[in-house]
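Data first, discussion second: the structure below is written as structure tokens.
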Amino acid sequence: MRKGCRDRALLEDLARPEAYPAPRPSAIDVITTHSSWVFITDGEVWKVKRPVDYRFLDYSTLDRRRHFCHEEVRVNRRLAADVYLGVAPVRLDNKRHSFTSEGTVVDYAVRMRRLPQSASAESLLAHGHLSHEHLSRLAGRLAAFYAASPPSARADALDVLRANVVENFAQVQPFIGRFVEPETFEAVRTWQLGCLTRAARTFEERQEQGRIRDGHGDLRLEHVYFERDEPIVIDAVEFDERFRVADVAADVAFLAMELDARSRPDLAANFLAAFARESADYNLYAVVDFYLSYRAWIRGKVASLLAADPATGSEKAQRKSGEAERLFALARTYCQPRVELAPVVAVGGLIGAGKSTLARALGEFLSIPIVDSDRTRKTLAGVPATMQAPAGAYTEAFTRQTYDELFRRADVVLGSGRGVILDATFRDRDLRLRARALAIRHGRSFRFVEAVCDDATLRARLQARAAAGVSVSDATEGLLEGFRREFEPVTELTTVEHVTVRTTLPMSMQVHAVYSTLAHNGRSSDATKENVT
């Protein structure tokens, strides 16, 4: 049977309910992707790999399709253990393909539990329900996943990445003038290859820091689900580990790029910030713009291949053509310097004053990452963020080391053109001036936000924290008086730079109190002037 006829017969046969084991489905939806035919039944999904060879993906032989079906199940059970049920043979009997006969095995399918479409990040976003909380939970899940994956021992990670980049442009070249403008092609190619040369040492340091892991490789909105409390991620790359074993920044940049492409840069920025916080990987900001551009270009390439495929229907081909053009243009935007330089906001105050809660709200509102002293201290001490730091982590020398690392992390973030929130007590004038100097060096506006509240509220918060066993901070009521004595009054900053916020106010008013000084050339709002009892 000729290939085209064989493919049509397989598609027609597997679209019949009787081709499936009991209980037979009431109907089957068939979706064609660039790599698979997907048969969606009432409660399951069956994926048959298309016999295609795109050079970067080769399913051209039966043996390869069988092998990669098993690989797909293996690599995806890491983030979706109860979704991937196994591999099922496609059999041909009496000239009919099915999953139920005893005929000759002619292909293979990955069998999956069907996830509710309404639970996908894609659907949640489309309906306006994808929240910062969703993405924060995903960031935590991914941080734990990468931490459990062994670092790559390959010494040629940069060479592999460079080869991937060169290959991407070679595969897009036939589409110049059709899906991508010549100027965009040349600008993005020059910039991406230039990054790999100019910042070669930075990429190599990522390998030395253990950030090259066996990850996902295709972290897209349609592959993320929030069915239960723990996020589920499906469809990891199985066909070539060079696309999956990569910098973790390349993985998370994929999802951030998709959010940017959907006109939600706020969600994109906050997702990256949440991941940096959960993984203590602020160095990703030194490379993430490269990976954002790299991922947009890859998706543009895939959309181009589908648009140009004769087997793609005319309506879908037209849609993919427009998608490719937009993604190539998006890849170019990441090559350009940021126009608006976000501020440096240092949030400090006594323990229990609500500084960390305010810092988190400001970070989400301004869509800029937070670097906090508690997590920095615990990272340096080698303990999880949910545990208390050992007593030795509170010596004067270790505290200096903590602030050195906090400022180093902030410097990396600022070097990417983004702003940063610094969350620490900042009880010393020298530390506040150091934060201010960092802002000046990067040409940013600076605010020191002092969180304040009455003594009864301070003590009630610290007591409630202790009673609940909260361990995200090591601050206790017993330390309060010592902190109060050591907190140096803020006399070294201008009245514009020093913003006092009463944290018993509604959070929206607290955030506005800070934002108003940034948005209106330093003019204070009334909320910053309320008396503190």
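FYI, nothing fancy with the structure tokens labels: chains A, B, ... in order, residues from 1 per chain, ligands from 1 as they appear.
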
Within 12 Å of Tyr394 in chain A, counting only C-alpha atoms, which residues show up once you throw out same-chain ones fewer than 2 positions away? Write them as a ChimeraX atom specification, please. /A:373-374,377-378,380-381,388-392,396-403,474-475,479

Non-local contacts of Val420 in chain A (9 Å; only C-alpha atoms; under 3 positions in same chain excluded) as a VMD selection string: chain A and resid 342 to 346 363 368 to 371 410 to 411 413 to 414

Each residue of range 133-195 of chain A lying at most 9 Å from range 205-209 of chain A should get a row with its shortest atom-to-atom pair and the distance in Å to one decimal, counting only C-alpha atoms; could you produce that, ordered by chain and increasing number, as a Markdown table?
| residue | atom | partner | partner_atom | distance |
| --- | --- | --- | --- | --- |
| A:Pro151 | CA | A:Gln207 | CA | 8.3 |
| A:Ser152 | CA | A:Gln207 | CA | 7.9 |
| A:Ala153 | CA | A:Gln207 | CA | 8.8 |
| A:Arg154 | CA | A:Gln207 | CA | 8.8 |
| A:Ala155 | CA | A:Gln207 | CA | 8.1 |
| A:Ala157 | CA | A:Gln207 | CA | 7.4 |
| A:Leu158 | CA | A:Gln207 | CA | 8.7 |

For the residues in that selection, give me C-alpha atoms as a PDB file, in the first residue's frame.
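Okay, part-v2.pdb is ready:
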ATOM      1  CA  PRO A 151      22.977  17.618  36.190  1.00  0.00           C
ATOM      2  CA  SER A 152      24.230  16.866  32.705  1.00  0.00           C
ATOM      3  CA  ALA A 153      27.782  15.544  32.608  1.00  0.00           C
ATOM      4  CA  ARG A 154      28.252  16.651  28.999  1.00  0.00           C
ATOM      5  CA  ALA A 155      31.107  19.082  28.561  1.00  0.00           C
ATOM      6  CA  ALA A 157      26.546  21.888  26.204  1.00  0.00           C
ATOM      7  CA  LEU A 158      27.430  25.218  24.591  1.00  0.00           C
TER       8      LEU A 158
END

List every residue of range 75-255 of chain A that DSSP, applied to the backbone of this structure, assigns to alpha helix (DSSP H), and report them as a count of residues only. 79

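With only C-alpha atoms as the atoms that count, the minimum distance from Ala249 in chain A to the choices A:Arg111, A:Arg74, A:Arg429, A:Arg213 is reached by A:Arg213.
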
So which one's closest to Ala163 in chain A, A:Arg242, A:Arg427, A:Arg375, A:His216? Using only C-alpha atoms, please.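 Under the stated criterion, the closest residue is A:Arg242.
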
Nearest candidate to Thr190 in chain A (options A:Cys335, A:Ala353, A:Val252, A:Val499; using only C-alpha atoms):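 Of A:Cys335, A:Ala353, A:Val252, A:Val499, the one nearest Thr190 in chain A is A:Cys335, counting only C-alpha atoms.
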
Could you list, as a VMD selection string, every residue within 12 Å of range 118-128 of chain A, counting only C-alpha atoms and ignoring same-chain residues fewer than 4 positions away? chain A and resid 114 132 134 to 135 138 219 to 234 255 258 to 264 267 to 268

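Backbone DSSP over range 359-456 of chain A gives strand (DSSP E or B) for Ile370, Val371, Asp372, Val420, Ile421, Leu422, Asp423, Phe446, Arg447, Phe448, Val449, Glu450, Ala451 and Val452 of chain A.
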
Would you save the residues of that selection, restricted to C-alpha atoms, as a short mmCIF file (atom, residue, chain, number, x, y, z; two decimals), in the first residue's frame?
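Written file, again_33.cif:
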data_model
loop_
_atom_site.label_atom_id
_atom_site.label_comp_id
_atom_site.auth_asym_id
_atom_site.auth_seq_id
_atom_site.Cartn_x
_atom_site.Cartn_y
_atom_site.Cartn_z
CA ILE A 370 12.03 39.63 44.45
CA VAL A 371 15.35 38.78 46.09
CA ASP A 372 14.83 38.17 49.80
CA VAL A 420 14.11 44.21 41.34
CA ILE A 421 12.54 44.14 44.80
CA LEU A 422 14.97 43.63 47.70
CA ASP A 423 13.31 42.11 50.76
CA PHE A 446 15.36 53.94 43.97
CA ARG A 447 12.92 53.67 46.85
CA PHE A 448 13.46 52.40 50.35
CA VAL A 449 10.05 51.28 51.58
CA GLU A 450 9.86 51.08 55.35
CA ALA A 451 7.05 48.81 56.50
CA VAL A 452 5.66 49.99 59.84
#

So what do you get for CA of His129 in chain A versus CA of Asp266 in chain A, distance-wise? 14.0 Å

So, with only C-alpha atoms as the atoms that count, which of A:Phe169, A:Phe290, A:Ala513, A:Ala273 lies closest to Leu196 in chain A? A:Phe290
